$ cat work22.cif   # mmCIF, N, CA and C atoms
data_protein
loop_
_atom_site.label_atom_id
_atom_site.label_comp_id
_atom_site.auth_asym_id
_atom_site.auth_seq_id
_atom_site.Cartn_x
_atom_site.Cartn_y
_atom_site.Cartn_z
N GLN O 1 54.14 -134.67 135.48
CA GLN O 1 53.24 -135.11 134.41
C GLN O 1 53.87 -136.29 133.69
N VAL O 2 53.10 -137.33 133.52
CA VAL O 2 53.56 -138.54 132.84
C VAL O 2 52.70 -138.75 131.61
N GLN O 3 53.34 -138.95 130.48
CA GLN O 3 52.62 -139.25 129.25
C GLN O 3 52.83 -140.72 128.88
N LEU O 4 51.74 -141.34 128.45
CA LEU O 4 51.77 -142.75 128.09
C LEU O 4 51.21 -142.91 126.68
N VAL O 5 51.91 -143.66 125.86
CA VAL O 5 51.48 -143.87 124.48
C VAL O 5 51.54 -145.36 124.17
N GLU O 6 50.36 -145.94 123.91
CA GLU O 6 50.28 -147.36 123.56
C GLU O 6 50.41 -147.55 122.06
N SER O 7 50.88 -148.73 121.69
CA SER O 7 50.94 -149.11 120.29
C SER O 7 50.90 -150.63 120.20
N GLY O 8 50.67 -151.13 118.99
CA GLY O 8 50.73 -152.57 118.77
C GLY O 8 49.40 -153.26 118.62
N GLY O 9 48.31 -152.53 118.76
CA GLY O 9 47.01 -153.16 118.59
C GLY O 9 46.74 -153.49 117.13
N GLY O 10 45.65 -154.21 116.90
CA GLY O 10 45.29 -154.57 115.54
C GLY O 10 44.26 -155.68 115.50
N LEU O 11 44.12 -156.25 114.31
CA LEU O 11 43.16 -157.33 114.07
C LEU O 11 43.93 -158.65 113.96
N VAL O 12 43.48 -159.64 114.69
CA VAL O 12 44.16 -160.94 114.68
C VAL O 12 43.11 -162.03 114.79
N GLN O 13 43.41 -163.18 114.23
CA GLN O 13 42.49 -164.31 114.34
C GLN O 13 42.62 -164.98 115.70
N ALA O 14 41.56 -165.62 116.11
CA ALA O 14 41.58 -166.36 117.37
C ALA O 14 42.74 -167.36 117.36
N GLY O 15 43.42 -167.43 118.49
CA GLY O 15 44.60 -168.28 118.60
C GLY O 15 45.89 -167.59 118.28
N GLY O 16 45.81 -166.39 117.73
CA GLY O 16 46.99 -165.64 117.36
C GLY O 16 47.58 -164.85 118.52
N SER O 17 48.58 -164.05 118.19
CA SER O 17 49.30 -163.27 119.21
C SER O 17 49.44 -161.81 118.78
N LEU O 18 49.54 -160.97 119.78
CA LEU O 18 49.87 -159.56 119.59
C LEU O 18 50.75 -159.13 120.75
N ARG O 19 51.59 -158.13 120.49
CA ARG O 19 52.38 -157.54 121.55
C ARG O 19 52.09 -156.06 121.60
N LEU O 20 51.55 -155.62 122.73
CA LEU O 20 51.30 -154.21 122.96
C LEU O 20 52.51 -153.58 123.64
N SER O 21 52.76 -152.33 123.27
CA SER O 21 53.84 -151.57 123.89
C SER O 21 53.27 -150.29 124.48
N CYS O 22 53.91 -149.81 125.53
CA CYS O 22 53.51 -148.55 126.15
C CYS O 22 54.78 -147.77 126.45
N ALA O 23 54.92 -146.63 125.81
CA ALA O 23 56.06 -145.75 126.05
C ALA O 23 55.67 -144.70 127.07
N ALA O 24 56.51 -144.54 128.08
CA ALA O 24 56.20 -143.63 129.18
C ALA O 24 57.26 -142.55 129.30
N SER O 25 56.82 -141.36 129.66
CA SER O 25 57.75 -140.29 130.02
C SER O 25 57.93 -140.32 131.52
N GLY O 26 58.82 -139.50 132.03
CA GLY O 26 59.01 -139.45 133.49
C GLY O 26 60.39 -139.91 133.90
N ARG O 27 60.99 -139.14 134.82
CA ARG O 27 62.36 -139.41 135.24
C ARG O 27 62.47 -140.61 136.16
N THR O 28 61.38 -140.93 136.86
CA THR O 28 61.45 -142.00 137.85
C THR O 28 60.57 -143.18 137.44
N PHE O 29 60.61 -143.49 136.16
CA PHE O 29 59.76 -144.56 135.62
C PHE O 29 59.94 -145.86 136.39
N SER O 30 61.15 -146.17 136.79
CA SER O 30 61.40 -147.46 137.44
C SER O 30 60.64 -147.60 138.76
N SER O 31 60.15 -146.52 139.30
CA SER O 31 59.37 -146.59 140.54
C SER O 31 57.87 -146.70 140.31
N TYR O 32 57.44 -146.56 139.07
CA TYR O 32 56.01 -146.58 138.78
C TYR O 32 55.48 -148.01 138.75
N VAL O 33 54.33 -148.21 139.31
CA VAL O 33 53.59 -149.45 139.07
C VAL O 33 52.79 -149.23 137.79
N MET O 34 52.96 -150.14 136.84
CA MET O 34 52.34 -149.99 135.52
C MET O 34 51.27 -151.05 135.31
N GLY O 35 50.09 -150.61 134.97
CA GLY O 35 48.99 -151.53 134.77
C GLY O 35 48.49 -151.54 133.33
N TRP O 36 47.88 -152.64 132.96
CA TRP O 36 47.14 -152.75 131.70
C TRP O 36 45.68 -153.03 132.03
N PHE O 37 44.82 -152.28 131.39
CA PHE O 37 43.38 -152.45 131.53
C PHE O 37 42.78 -152.56 130.13
N ARG O 38 41.55 -153.02 130.07
CA ARG O 38 40.86 -153.06 128.78
C ARG O 38 39.39 -152.73 128.98
N GLN O 39 38.80 -152.25 127.90
CA GLN O 39 37.38 -151.91 127.94
C GLN O 39 36.74 -152.34 126.63
N ALA O 40 35.85 -153.31 126.74
CA ALA O 40 35.09 -153.75 125.59
C ALA O 40 33.88 -152.85 125.42
N ARG O 41 33.35 -152.82 124.22
CA ARG O 41 32.21 -151.95 123.93
C ARG O 41 31.04 -152.31 124.83
N GLY O 42 30.52 -151.31 125.49
CA GLY O 42 29.35 -151.51 126.35
C GLY O 42 29.66 -152.09 127.72
N LYS O 43 30.95 -152.26 128.02
CA LYS O 43 31.34 -152.84 129.31
C LYS O 43 32.23 -151.87 130.08
N GLU O 44 32.38 -152.16 131.37
CA GLU O 44 33.26 -151.34 132.19
C GLU O 44 34.73 -151.70 131.93
N ARG O 45 35.58 -150.75 132.25
CA ARG O 45 37.01 -151.00 132.13
C ARG O 45 37.42 -152.05 133.15
N GLU O 46 38.24 -153.01 132.72
CA GLU O 46 38.63 -154.09 133.63
C GLU O 46 40.15 -154.27 133.66
N PHE O 47 40.61 -154.72 134.79
CA PHE O 47 42.02 -154.99 135.00
C PHE O 47 42.47 -156.18 134.17
N VAL O 48 43.70 -156.06 133.62
CA VAL O 48 44.29 -157.15 132.84
C VAL O 48 45.56 -157.66 133.51
N ALA O 49 46.50 -156.74 133.75
CA ALA O 49 47.80 -157.14 134.30
C ALA O 49 48.47 -155.93 134.92
N VAL O 50 49.42 -156.21 135.82
CA VAL O 50 50.16 -155.13 136.47
C VAL O 50 51.57 -155.61 136.74
N ILE O 51 52.51 -154.65 136.71
CA ILE O 51 53.90 -154.97 137.00
C ILE O 51 54.51 -153.86 137.83
N SER O 52 55.23 -154.24 138.86
CA SER O 52 55.90 -153.25 139.70
C SER O 52 57.24 -152.86 139.07
N GLY O 53 57.88 -151.87 139.67
CA GLY O 53 59.18 -151.44 139.16
C GLY O 53 60.24 -152.52 139.20
N SER O 54 60.12 -153.42 140.16
CA SER O 54 61.09 -154.51 140.30
C SER O 54 60.73 -155.74 139.49
N GLY O 55 59.55 -155.72 138.83
CA GLY O 55 59.17 -156.82 137.97
C GLY O 55 58.17 -157.79 138.53
N ALA O 56 57.66 -157.56 139.73
CA ALA O 56 56.59 -158.41 140.26
C ALA O 56 55.32 -158.19 139.45
N CYS O 57 54.60 -159.29 139.18
CA CYS O 57 53.45 -159.21 138.27
C CYS O 57 52.20 -159.81 138.91
N ASN O 58 51.08 -159.39 138.37
CA ASN O 58 49.81 -159.99 138.73
C ASN O 58 48.90 -159.91 137.51
N TYR O 59 48.01 -160.89 137.38
CA TYR O 59 47.16 -160.99 136.20
C TYR O 59 45.71 -161.24 136.59
N ALA O 60 44.81 -160.81 135.72
CA ALA O 60 43.42 -161.20 135.84
C ALA O 60 43.31 -162.70 135.53
N ASP O 61 42.38 -163.37 136.18
CA ASP O 61 42.21 -164.81 135.96
C ASP O 61 41.92 -165.13 134.49
N SER O 62 41.23 -164.22 133.82
CA SER O 62 40.82 -164.47 132.45
C SER O 62 41.99 -164.49 131.46
N VAL O 63 43.14 -163.94 131.86
CA VAL O 63 44.29 -163.89 130.94
C VAL O 63 45.49 -164.65 131.46
N LYS O 64 45.40 -165.15 132.68
CA LYS O 64 46.53 -165.85 133.29
C LYS O 64 46.92 -167.05 132.43
N GLY O 65 48.22 -167.16 132.16
CA GLY O 65 48.71 -168.25 131.34
C GLY O 65 48.74 -167.94 129.85
N ARG O 66 48.08 -166.85 129.45
CA ARG O 66 48.06 -166.46 128.03
C ARG O 66 48.78 -165.12 127.80
N PHE O 67 48.69 -164.22 128.76
CA PHE O 67 49.29 -162.90 128.63
C PHE O 67 50.51 -162.80 129.55
N THR O 68 51.49 -162.03 129.11
CA THR O 68 52.68 -161.78 129.90
C THR O 68 53.03 -160.30 129.87
N VAL O 69 53.15 -159.71 131.06
CA VAL O 69 53.53 -158.31 131.17
C VAL O 69 55.01 -158.23 131.49
N SER O 70 55.69 -157.25 130.90
CA SER O 70 57.11 -157.04 131.15
C SER O 70 57.42 -155.57 131.02
N ARG O 71 58.62 -155.19 131.42
CA ARG O 71 59.02 -153.79 131.32
C ARG O 71 60.51 -153.70 131.09
N ASP O 72 60.91 -152.58 130.52
CA ASP O 72 62.33 -152.25 130.33
C ASP O 72 62.52 -150.86 130.92
N ASN O 73 63.03 -150.82 132.13
CA ASN O 73 63.15 -149.53 132.83
C ASN O 73 64.17 -148.61 132.15
N ALA O 74 65.14 -149.17 131.47
CA ALA O 74 66.14 -148.34 130.78
C ALA O 74 65.52 -147.60 129.60
N LYS O 75 64.46 -148.17 129.04
CA LYS O 75 63.81 -147.57 127.86
C LYS O 75 62.47 -146.94 128.20
N ASN O 76 62.07 -146.98 129.45
CA ASN O 76 60.75 -146.45 129.86
C ASN O 76 59.62 -147.11 129.07
N MET O 77 59.69 -148.43 128.97
CA MET O 77 58.71 -149.17 128.19
C MET O 77 58.06 -150.26 129.02
N VAL O 78 56.79 -150.49 128.74
CA VAL O 78 56.06 -151.63 129.30
C VAL O 78 55.42 -152.38 128.13
N TYR O 79 55.37 -153.70 128.26
CA TYR O 79 54.86 -154.53 127.18
C TYR O 79 53.78 -155.47 127.70
N LEU O 80 52.89 -155.84 126.81
CA LEU O 80 51.91 -156.88 127.12
C LEU O 80 51.90 -157.86 125.96
N GLN O 81 52.50 -159.02 126.17
CA GLN O 81 52.50 -160.08 125.17
C GLN O 81 51.22 -160.88 125.34
N MET O 82 50.43 -160.95 124.27
CA MET O 82 49.14 -161.63 124.33
C MET O 82 49.16 -162.81 123.38
N ASP O 83 49.07 -164.00 123.92
CA ASP O 83 49.07 -165.23 123.13
C ASP O 83 47.73 -165.95 123.27
N ARG O 84 47.49 -166.85 122.34
CA ARG O 84 46.24 -167.64 122.34
C ARG O 84 45.03 -166.73 122.54
N LEU O 85 44.98 -165.70 121.74
CA LEU O 85 43.91 -164.72 121.86
C LEU O 85 42.55 -165.32 121.54
N LYS O 86 41.55 -164.79 122.22
CA LYS O 86 40.17 -165.24 122.06
C LYS O 86 39.31 -164.06 121.63
N PRO O 87 38.19 -164.32 120.99
CA PRO O 87 37.29 -163.21 120.60
C PRO O 87 36.89 -162.34 121.79
N GLU O 88 36.77 -162.93 122.96
CA GLU O 88 36.38 -162.15 124.14
C GLU O 88 37.50 -161.25 124.65
N ASP O 89 38.68 -161.33 124.06
CA ASP O 89 39.76 -160.40 124.39
C ASP O 89 39.63 -159.09 123.61
N THR O 90 38.69 -159.03 122.70
CA THR O 90 38.47 -157.82 121.90
C THR O 90 38.10 -156.65 122.81
N ALA O 91 38.86 -155.56 122.70
CA ALA O 91 38.66 -154.40 123.56
C ALA O 91 39.66 -153.32 123.18
N VAL O 92 39.46 -152.15 123.75
CA VAL O 92 40.50 -151.12 123.73
C VAL O 92 41.37 -151.37 124.96
N TYR O 93 42.67 -151.45 124.74
CA TYR O 93 43.62 -151.72 125.81
C TYR O 93 44.34 -150.43 126.19
N TYR O 94 44.43 -150.21 127.50
CA TYR O 94 45.05 -149.01 128.04
C TYR O 94 46.19 -149.38 128.98
N CYS O 95 47.26 -148.61 128.90
CA CYS O 95 48.26 -148.72 129.96
C CYS O 95 48.08 -147.54 130.90
N ALA O 96 48.47 -147.76 132.13
CA ALA O 96 48.26 -146.76 133.17
C ALA O 96 49.43 -146.77 134.14
N ALA O 97 49.69 -145.62 134.73
CA ALA O 97 50.81 -145.48 135.66
C ALA O 97 50.32 -145.05 137.04
N ASP O 98 50.74 -145.82 138.02
CA ASP O 98 50.53 -145.46 139.43
C ASP O 98 51.88 -144.94 139.92
N VAL O 99 51.97 -143.65 140.14
CA VAL O 99 53.26 -143.04 140.49
C VAL O 99 53.44 -142.86 141.99
N ARG O 100 52.44 -143.29 142.77
CA ARG O 100 52.49 -143.02 144.21
C ARG O 100 52.76 -144.25 145.06
N THR O 101 52.19 -145.40 144.70
CA THR O 101 52.19 -146.55 145.60
C THR O 101 53.56 -147.20 145.71
N GLY O 102 54.20 -147.49 144.60
CA GLY O 102 55.55 -148.03 144.61
C GLY O 102 55.66 -149.54 144.70
N PHE O 103 54.54 -150.22 144.90
CA PHE O 103 54.60 -151.68 145.00
C PHE O 103 53.22 -152.25 144.65
N LEU O 104 53.16 -153.56 144.39
CA LEU O 104 51.88 -154.17 144.06
C LEU O 104 51.03 -154.29 145.32
N ALA O 105 49.76 -154.02 145.16
CA ALA O 105 48.81 -154.12 146.26
C ALA O 105 47.47 -154.56 145.69
N VAL O 106 46.55 -154.85 146.56
CA VAL O 106 45.20 -155.20 146.12
C VAL O 106 44.64 -154.07 145.27
N SER O 107 44.98 -152.85 145.65
CA SER O 107 44.47 -151.68 144.94
C SER O 107 45.02 -151.57 143.52
N SER O 108 46.08 -152.34 143.20
CA SER O 108 46.66 -152.28 141.86
C SER O 108 45.70 -152.79 140.80
N LYS O 109 44.65 -153.49 141.20
CA LYS O 109 43.66 -153.99 140.26
C LYS O 109 42.53 -153.00 140.02
N ARG O 110 42.56 -151.89 140.72
CA ARG O 110 41.49 -150.90 140.59
C ARG O 110 41.95 -149.75 139.70
N ALA O 111 41.11 -149.39 138.76
CA ALA O 111 41.46 -148.32 137.84
C ALA O 111 41.65 -146.99 138.56
N THR O 112 40.92 -146.79 139.64
CA THR O 112 41.00 -145.53 140.37
C THR O 112 42.35 -145.32 141.05
N THR O 113 43.16 -146.38 141.16
CA THR O 113 44.48 -146.26 141.78
C THR O 113 45.46 -145.50 140.89
N TYR O 114 45.22 -145.50 139.61
CA TYR O 114 46.18 -145.01 138.63
C TYR O 114 46.03 -143.52 138.36
N ASP O 115 47.18 -142.88 138.19
CA ASP O 115 47.22 -141.43 138.05
C ASP O 115 47.22 -140.97 136.60
N TYR O 116 47.79 -141.79 135.72
CA TYR O 116 47.93 -141.38 134.32
C TYR O 116 47.52 -142.54 133.42
N TRP O 117 46.95 -142.18 132.27
CA TRP O 117 46.45 -143.16 131.33
C TRP O 117 46.89 -142.81 129.91
N GLY O 118 47.09 -143.85 129.11
CA GLY O 118 47.30 -143.65 127.70
C GLY O 118 45.98 -143.49 126.96
N GLN O 119 46.08 -143.30 125.67
CA GLN O 119 44.89 -143.06 124.85
C GLN O 119 44.20 -144.36 124.44
N GLY O 120 44.89 -145.47 124.60
CA GLY O 120 44.31 -146.77 124.27
C GLY O 120 44.66 -147.24 122.87
N THR O 121 44.65 -148.55 122.71
CA THR O 121 44.88 -149.15 121.39
C THR O 121 43.88 -150.29 121.20
N GLN O 122 43.28 -150.35 120.04
CA GLN O 122 42.22 -151.33 119.77
C GLN O 122 42.82 -152.69 119.44
N VAL O 123 42.29 -153.71 120.10
CA VAL O 123 42.62 -155.10 119.78
C VAL O 123 41.33 -155.80 119.39
N THR O 124 41.32 -156.37 118.20
CA THR O 124 40.15 -157.08 117.72
C THR O 124 40.55 -158.50 117.35
N VAL O 125 39.86 -159.47 117.96
CA VAL O 125 40.15 -160.88 117.72
C VAL O 125 38.96 -161.49 116.99
N SER O 126 39.19 -161.95 115.79
CA SER O 126 38.10 -162.54 115.00
C SER O 126 38.03 -164.04 115.24
N SER O 127 36.82 -164.56 115.16
CA SER O 127 36.62 -166.00 115.41
C SER O 127 36.76 -166.80 114.12
#
$ encode --input "work22.cif" --output "structure tokens"
Amino acid sequence: QVQLVESGGGLVQAGGSLRLSCAASGRTFSSYVMGWFRQARGKEREFVAVISGSGACNYADSVKGRFTVSRDNAKNMVYLQMDRLKPEDTAVYYCAADVRTGFLAVSSKRATTYDYWGQGTQVTVSS
């Protein structure tokens, strides 16, 4: 069983920055592929970013160049640094753990690949 707890959401003006954190339990955290997803009101959950245990990353086109995903395996933490935020980034952000795959794949962009989810943290970007 893996527990995930996100933090760091809030209200920010367009052009501002936020850093989301995700604390994970689990003895083999360094082997987990960790993803970030978001869900805006009335929309489906969408992929944002993913990072493998070794630090390989992938991003959605909509956030590439503005968001940076990172992890600290010693602390069982994953981060999402969000810069140059836009109103369309407003959503509940979730971190998720894929404990089976072990590496980045096409499937890493699909929510169904992930085994565990956090409760989410709200990010609101005002114009």
$ closest_residue --input "work22.cif" --among "O:Gly16, O:Arg41, O:Asn58, O:Glu46" --to "Ala105 in chain O" --atoms "only C-alpha atoms"
O:Asn58
$ select_by_dssp --input "work22.cif" --residues "chain O" --states "strand (DSSP E)" --output "MDAnalysis selection string"
chainID O and resid 4:7 10:13 18:24 33:39 46:51 57:59 67:72 77:82 91:98 116:117 121:126
$ atom_distance --input "work22.cif" --atom1 "atom C of Gln1 in chain O" --atom2 "atom C of Glu44 in chain O"
24.6 Å
$ atom_distance --input "work22.cif" --atom1 "atom C of Ser52 in chain O" --atom2 "atom N of Ser25 in chain O"
14.9 Å
$ resolve_selection --input "work22.cif" --expression "the PyMOL selection byres ((chain O and resi 95) around 6)" --output "ChimeraX atom specification"
/O:35-37,93-94,96-97,116-118,120
$ atom_distance --input "work22.cif" --atom1 "CA of Thr113 in chain O" --atom2 "atom C of Arg19 in chain O"
23.7 Å
$ resolve_selection --input "work22.cif" --expression "the PyMOL selection byres ((chain O and resi 85) around 8)" --output "PyMOL selection string"
chain O and resi 12-18+66+82-84+86-90+125-126
$ build_atoms --input "work22.cif" --residues "range 111-122 of chain O" --atoms "all heavy atoms" --output "PDB file, in the frame of the given file"
ATOM      1  N   ALA O 111      41.110-149.390 138.760  1.00  0.00           N
ATOM      2  CA  ALA O 111      41.460-148.320 137.840  1.00  0.00           C
ATOM      3  C   ALA O 111      41.650-146.990 138.560  1.00  0.00           C
ATOM      4  O   ALA O 111      42.471-146.161 138.147  1.00  0.00           O
ATOM      5  CB  ALA O 111      40.383-148.182 136.762  1.00  0.00           C
ATOM      6  N   THR O 112      40.920-146.790 139.640  1.00  0.00           N
ATOM      7  CA  THR O 112      41.000-145.530 140.370  1.00  0.00           C
ATOM      8  C   THR O 112      42.350-145.320 141.050  1.00  0.00           C
ATOM      9  O   THR O 112      42.667-144.207 141.477  1.00  0.00           O
ATOM     10  CB  THR O 112      39.883-145.440 141.423  1.00  0.00           C
ATOM     11  OG1 THR O 112      39.941-146.615 142.249  1.00  0.00           O
ATOM     12  CG2 THR O 112      38.521-145.344 140.763  1.00  0.00           C
ATOM     13  N   THR O 113      43.160-146.380 141.160  1.00  0.00           N
ATOM     14  CA  THR O 113      44.480-146.260 141.780  1.00  0.00           C
ATOM     15  C   THR O 113      45.460-145.500 140.890  1.00  0.00           C
ATOM     16  O   THR O 113      46.424-144.918 141.383  1.00  0.00           O
ATOM     17  CB  THR O 113      45.037-147.659 142.079  1.00  0.00           C
ATOM     18  OG1 THR O 113      44.183-148.302 143.024  1.00  0.00           O
ATOM     19  CG2 THR O 113      46.449-147.630 142.605  1.00  0.00           C
ATOM     20  N   TYR O 114      45.220-145.500 139.610  1.00  0.00           N
ATOM     21  CA  TYR O 114      46.180-145.010 138.630  1.00  0.00           C
ATOM     22  C   TYR O 114      46.030-143.520 138.360  1.00  0.00           C
ATOM     23  O   TYR O 114      44.916-142.997 138.291  1.00  0.00           O
ATOM     24  CB  TYR O 114      46.086-145.833 137.346  1.00  0.00           C
ATOM     25  CG  TYR O 114      46.531-147.248 137.598  1.00  0.00           C
ATOM     26  CD1 TYR O 114      45.654-148.183 138.147  1.00  0.00           C
ATOM     27  CD2 TYR O 114      47.841-147.640 137.358  1.00  0.00           C
ATOM     28  CE1 TYR O 114      46.078-149.474 138.447  1.00  0.00           C
ATOM     29  CE2 TYR O 114      48.270-148.930 137.635  1.00  0.00           C
ATOM     30  CZ  TYR O 114      47.384-149.839 138.179  1.00  0.00           C
ATOM     31  OH  TYR O 114      47.802-151.107 138.478  1.00  0.00           O
ATOM     32  N   ASP O 115      47.180-142.880 138.190  1.00  0.00           N
ATOM     33  CA  ASP O 115      47.220-141.430 138.050  1.00  0.00           C
ATOM     34  C   ASP O 115      47.220-140.970 136.600  1.00  0.00           C
ATOM     35  O   ASP O 115      46.738-139.870 136.290  1.00  0.00           O
ATOM     36  CB  ASP O 115      48.485-140.897 138.727  1.00  0.00           C
ATOM     37  CG  ASP O 115      48.614-141.378 140.151  1.00  0.00           C
ATOM     38  OD1 ASP O 115      47.807-140.929 140.987  1.00  0.00           O
ATOM     39  OD2 ASP O 115      49.511-142.205 140.433  1.00  0.00           O
ATOM     40  N   TYR O 116      47.790-141.790 135.720  1.00  0.00           N
ATOM     41  CA  TYR O 116      47.930-141.380 134.320  1.00  0.00           C
ATOM     42  C   TYR O 116      47.520-142.540 133.420  1.00  0.00           C
ATOM     43  O   TYR O 116      47.777-143.713 133.737  1.00  0.00           O
ATOM     44  CB  TYR O 116      49.377-140.977 134.017  1.00  0.00           C
ATOM     45  CG  TYR O 116      49.856-139.810 134.840  1.00  0.00           C
ATOM     46  CD1 TYR O 116      50.588-140.013 136.005  1.00  0.00           C
ATOM     47  CD2 TYR O 116      49.543-138.501 134.473  1.00  0.00           C
ATOM     48  CE1 TYR O 116      51.016-138.938 136.783  1.00  0.00           C
ATOM     49  CE2 TYR O 116      49.966-137.437 135.237  1.00  0.00           C
ATOM     50  CZ  TYR O 116      50.693-137.656 136.391  1.00  0.00           C
ATOM     51  OH  TYR O 116      51.101-136.596 137.150  1.00  0.00           O
ATOM     52  N   TRP O 117      46.950-142.180 132.270  1.00  0.00           N
ATOM     53  CA  TRP O 117      46.450-143.160 131.330  1.00  0.00           C
ATOM     54  C   TRP O 117      46.890-142.810 129.910  1.00  0.00           C
ATOM     55  O   TRP O 117      47.013-141.635 129.550  1.00  0.00           O
ATOM     56  CB  TRP O 117      44.917-143.192 131.359  1.00  0.00           C
ATOM     57  CG  TRP O 117      44.388-143.739 132.639  1.00  0.00           C
ATOM     58  CD1 TRP O 117      44.208-143.071 133.817  1.00  0.00           C
ATOM     59  CD2 TRP O 117      43.971-145.084 132.881  1.00  0.00           C
ATOM     60  NE1 TRP O 117      43.700-143.926 134.772  1.00  0.00           N
ATOM     61  CE2 TRP O 117      43.554-145.170 134.223  1.00  0.00           C
ATOM     62  CE3 TRP O 117      43.902-146.235 132.089  1.00  0.00           C
ATOM     63  CZ2 TRP O 117      43.076-146.342 134.796  1.00  0.00           C
ATOM     64  CZ3 TRP O 117      43.437-147.402 132.647  1.00  0.00           C
ATOM     65  CH2 TRP O 117      43.025-147.457 133.983  1.00  0.00           C
ATOM     66  N   GLY O 118      47.090-143.850 129.110  1.00  0.00           N
ATOM     67  CA  GLY O 118      47.300-143.650 127.700  1.00  0.00           C
ATOM     68  C   GLY O 118      45.980-143.490 126.960  1.00  0.00           C
ATOM     69  O   GLY O 118      44.907-143.554 127.568  1.00  0.00           O
ATOM     70  N   GLN O 119      46.080-143.300 125.670  1.00  0.00           N
ATOM     71  CA  GLN O 119      44.890-143.060 124.850  1.00  0.00           C
ATOM     72  C   GLN O 119      44.200-144.360 124.440  1.00  0.00           C
ATOM     73  O   GLN O 119      43.066-144.341 123.971  1.00  0.00           O
ATOM     74  CB  GLN O 119      45.256-142.251 123.597  1.00  0.00           C
ATOM     75  CG  GLN O 119      45.820-143.053 122.428  1.00  0.00           C
ATOM     76  CD  GLN O 119      47.229-143.579 122.664  1.00  0.00           C
ATOM     77  OE1 GLN O 119      47.899-143.202 123.634  1.00  0.00           O
ATOM     78  NE2 GLN O 119      47.692-144.448 121.777  1.00  0.00           N
ATOM     79  N   GLY O 120      44.890-145.470 124.600  1.00  0.00           N
ATOM     80  CA  GLY O 120      44.310-146.770 124.270  1.00  0.00           C
ATOM     81  C   GLY O 120      44.660-147.240 122.870  1.00  0.00           C
ATOM     82  O   GLY O 120      44.932-146.438 121.974  1.00  0.00           O
ATOM     83  N   THR O 121      44.650-148.550 122.710  1.00  0.00           N
ATOM     84  CA  THR O 121      44.880-149.150 121.390  1.00  0.00           C
ATOM     85  C   THR O 121      43.880-150.290 121.200  1.00  0.00           C
ATOM     86  O   THR O 121      43.665-151.090 122.126  1.00  0.00           O
ATOM     87  CB  THR O 121      46.341-149.638 121.243  1.00  0.00           C
ATOM     88  OG1 THR O 121      46.571-150.091 119.906  1.00  0.00           O
ATOM     89  CG2 THR O 121      46.694-150.741 122.227  1.00  0.00           C
ATOM     90  N   GLN O 122      43.280-150.350 120.040  1.00  0.00           N
ATOM     91  CA  GLN O 122      42.220-151.330 119.770  1.00  0.00           C
ATOM     92  C   GLN O 122      42.820-152.690 119.440  1.00  0.00           C
ATOM     93  O   GLN O 122      43.718-152.803 118.595  1.00  0.00           O
ATOM     94  CB  GLN O 122      41.347-150.867 118.615  1.00  0.00           C
ATOM     95  CG  GLN O 122      40.274-151.859 118.200  1.00  0.00           C
ATOM     96  CD  GLN O 122      39.149-151.976 119.212  1.00  0.00           C
ATOM     97  OE1 GLN O 122      38.643-150.965 119.701  1.00  0.00           O
ATOM     98  NE2 GLN O 122      38.759-153.202 119.546  1.00  0.00           N
TER      99      GLN O 122
END
